[in-house]
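Let me begin by presenting the structure, written as structure tokens, before commenting on it.
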Amino acid sequence: MKLSAFTRISLRTVALGYLFFLLLVPIGVILYRTFENGIIAFVESISTPAAISALNLSLLIVAIVVPLNVVFGIVVALALVRGRFPGRGLLQSVVDLPFAVSPIVVGVALIMLWGAGGWFGGLESLGFKVIFGLPGMVIATIFVTLPFVVREVEPVLHEIGEEQEQAAATLGASAWQTFWRITLPAIRWGLTYGIVLTVARALGEFGAVIMVSSGFPGVSQTLTLLVHARYIDDHNTFGAYSAATLLMAIAVLVLLLMTLLDRKRSADK
């Protein structure tokens, strides 16, 4: 469909105006409030023990969640694409469940399962504390980031087909050799893209994590919880803006990495 010059300009103006007021203005306000007292004040705000602990905890959660979701994502993607088994449709629905369920609901469900009065609450008496500790935060983050690797790897598996894998098996390669030398190199870009999305989602998760975290600084407070605590509890707006800017800077780095990977993937095709 060929559009007139006036229509094209109007559509571009509406799109740019929408992005400007929805994204650029709020981000600009945050950056202004962050650096209005100078960069030294910003550095001091993100260098406090609470901020450093929050950053370390966020990175620790990412370091635990990403490898687990990579293994799970590859296995499930292979099962969905290569396998034919009863309950395959149900598994597809379960993978997409985090997209449909509110993170708050996820947190409530985890409390019902792992809390003191939950189904597995007896584990606390054995010294294994899930809710209001690191394990609960990791489980919540795993759930909300569950689909990304699966949904990025699955279409790649459909695209490459099974011919090369069958040829390798015919030549005597084991299942592990076939996966390591044929399947994994073929899905590397989809897998990498899924990892980047998982990292971004894990760093920015708030709803599910706040339900299963005590929120104590230096104990179970991530960067997103630090922003919330400074703004709502401490009424420290400058500190909240500074922590938000740090979180935003990490997100921008992840976004740039994702863009570079996407360009490299397109160039390799």
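FYI, nothing fancy with the structure tokens labels: chains A, B, ... in order, residues from 1 per chain, ligands from 1 as they appear.
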Alpha helix (DSSP H) per DSSP on the backbone: members of region 13-187 of chain A, as a ChimeraX atom specification: /A:13-19,25-35,39-45,49-82,88-100,103-114,134-144,147-160,163-170,175-178,184-186
Write out as a list of chain:residue names which residues come within 12 Å of Leu68 (chain A) when counting only C-alpha atoms, dropping same-chain ones fewer than 2 positions away.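 The contact residues come out as A:Ile61, A:Val62, A:Ala63, A:Ile64, A:Val65, A:Val66, A:Val70, A:Val71, A:Phe72, A:Gly73, A:Ile74, A:Val75, A:Val138, A:Ile139, A:Thr141, A:Ile142, A:Phe143, A:Thr145, A:Leu146, A:Val149, A:Ile195, A:Thr198.
CA of Ser58 (chain A) to CA of Leu203 (chain A) spans 6.2 Å [interatomic distance, one decimal].
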Record the distance separating CA of Glu154 (chain A) and CA of Arg263 (chain A), expressed in Å with one decimal.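 Spanning CA of Glu154 (chain A) to CA of Arg263 (chain A) is a straight-line distance of 19.9 Å.
Between CA of Ala202 (chain A) and CA of Ala140 (chain A) lies a distance of 9.6 Å.
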Between A:Phe148, A:Ser102, A:Leu253, A:Glu159, smallest distance to Phe206 (chain A) by only C-alpha atoms belongs to A:Ser102
Gly207 (chain A) surroundings by only C-alpha atoms, 9 Å radius, close-in-sequence under 5 positions cut, as a ChimeraX atom specification: /A:102-107
Selected residue, from A:Val212, A:Ile187, A:Leu247, A:Val153, that lies nearest to Trp114 (chain A) when counting only C-alpha atoms: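 Nearest to Trp114 (chain A): A:Val212.
Using only C-alpha atoms, the smallest distance between any of A:His158, A:Leu97, A:Trp176, A:Gly204 and Ile250 (chain A) comes from A:Gly204.
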Show me, as a list in words, the residues that have an atom within 12 Å of Val101 (chain A) when counting only C-alpha atoms, minus same-chain residues fewer than 6 positions from it.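 Contacts, in chain order: Ser93, Val94, Val95, Gly107, Val108, Ala109, Phe143, Val144, Gly207 and Ala208 of chain A.
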Any chance you could export the current selection's N, CA, C and O atoms as a compact mmCIF listing (two decimals), in the first residue's frame?
# COMPACT_ATOMS: atom_id res chain seq x y z
N SER A 93 1.95 -24.33 26.88
CA SER A 93 1.20 -23.35 27.67
C SER A 93 1.95 -22.98 28.94
O SER A 93 1.95 -21.81 29.35
N VAL A 94 2.59 -23.96 29.57
CA VAL A 94 3.32 -23.70 30.80
C VAL A 94 4.49 -22.75 30.53
O VAL A 94 4.78 -21.85 31.34
N VAL A 95 5.17 -22.94 29.40
CA VAL A 95 6.30 -22.07 29.06
C VAL A 95 5.84 -20.62 28.91
O VAL A 95 6.54 -19.69 29.31
N GLY A 107 4.57 -14.23 43.20
CA GLY A 107 5.08 -14.10 44.56
C GLY A 107 4.14 -14.68 45.60
O GLY A 107 4.57 -15.37 46.53
N VAL A 108 2.85 -14.41 45.44
CA VAL A 108 1.86 -14.97 46.37
C VAL A 108 1.86 -16.49 46.31
O VAL A 108 1.80 -17.18 47.35
N ALA A 109 1.94 -17.05 45.11
CA ALA A 109 1.96 -18.50 44.96
C ALA A 109 3.18 -19.11 45.63
O ALA A 109 3.09 -20.17 46.27
N PHE A 143 11.16 -18.10 37.44
CA PHE A 143 9.83 -18.25 36.86
C PHE A 143 9.53 -17.15 35.85
O PHE A 143 9.06 -17.42 34.75
N VAL A 144 9.81 -15.91 36.22
CA VAL A 144 9.44 -14.80 35.32
C VAL A 144 10.33 -14.74 34.09
O VAL A 144 9.95 -14.15 33.07
N GLY A 207 8.09 -7.11 40.89
CA GLY A 207 6.84 -7.57 41.50
C GLY A 207 6.96 -8.89 42.23
O GLY A 207 6.54 -9.01 43.39
N ALA A 208 7.53 -9.90 41.58
CA ALA A 208 7.63 -11.21 42.21
C ALA A 208 8.67 -11.20 43.33
O ALA A 208 8.48 -11.83 44.38
Closest of A:Ile30, A:Pro49, A:Gln164, A:Leu191 to Ala77 (chain A) - atom-to-atom distances counting only C-alpha atoms: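 Going through A:Ile30, A:Pro49, A:Gln164, A:Leu191 one by one, the smallest distance to Ala77 (chain A) is for A:Leu191.
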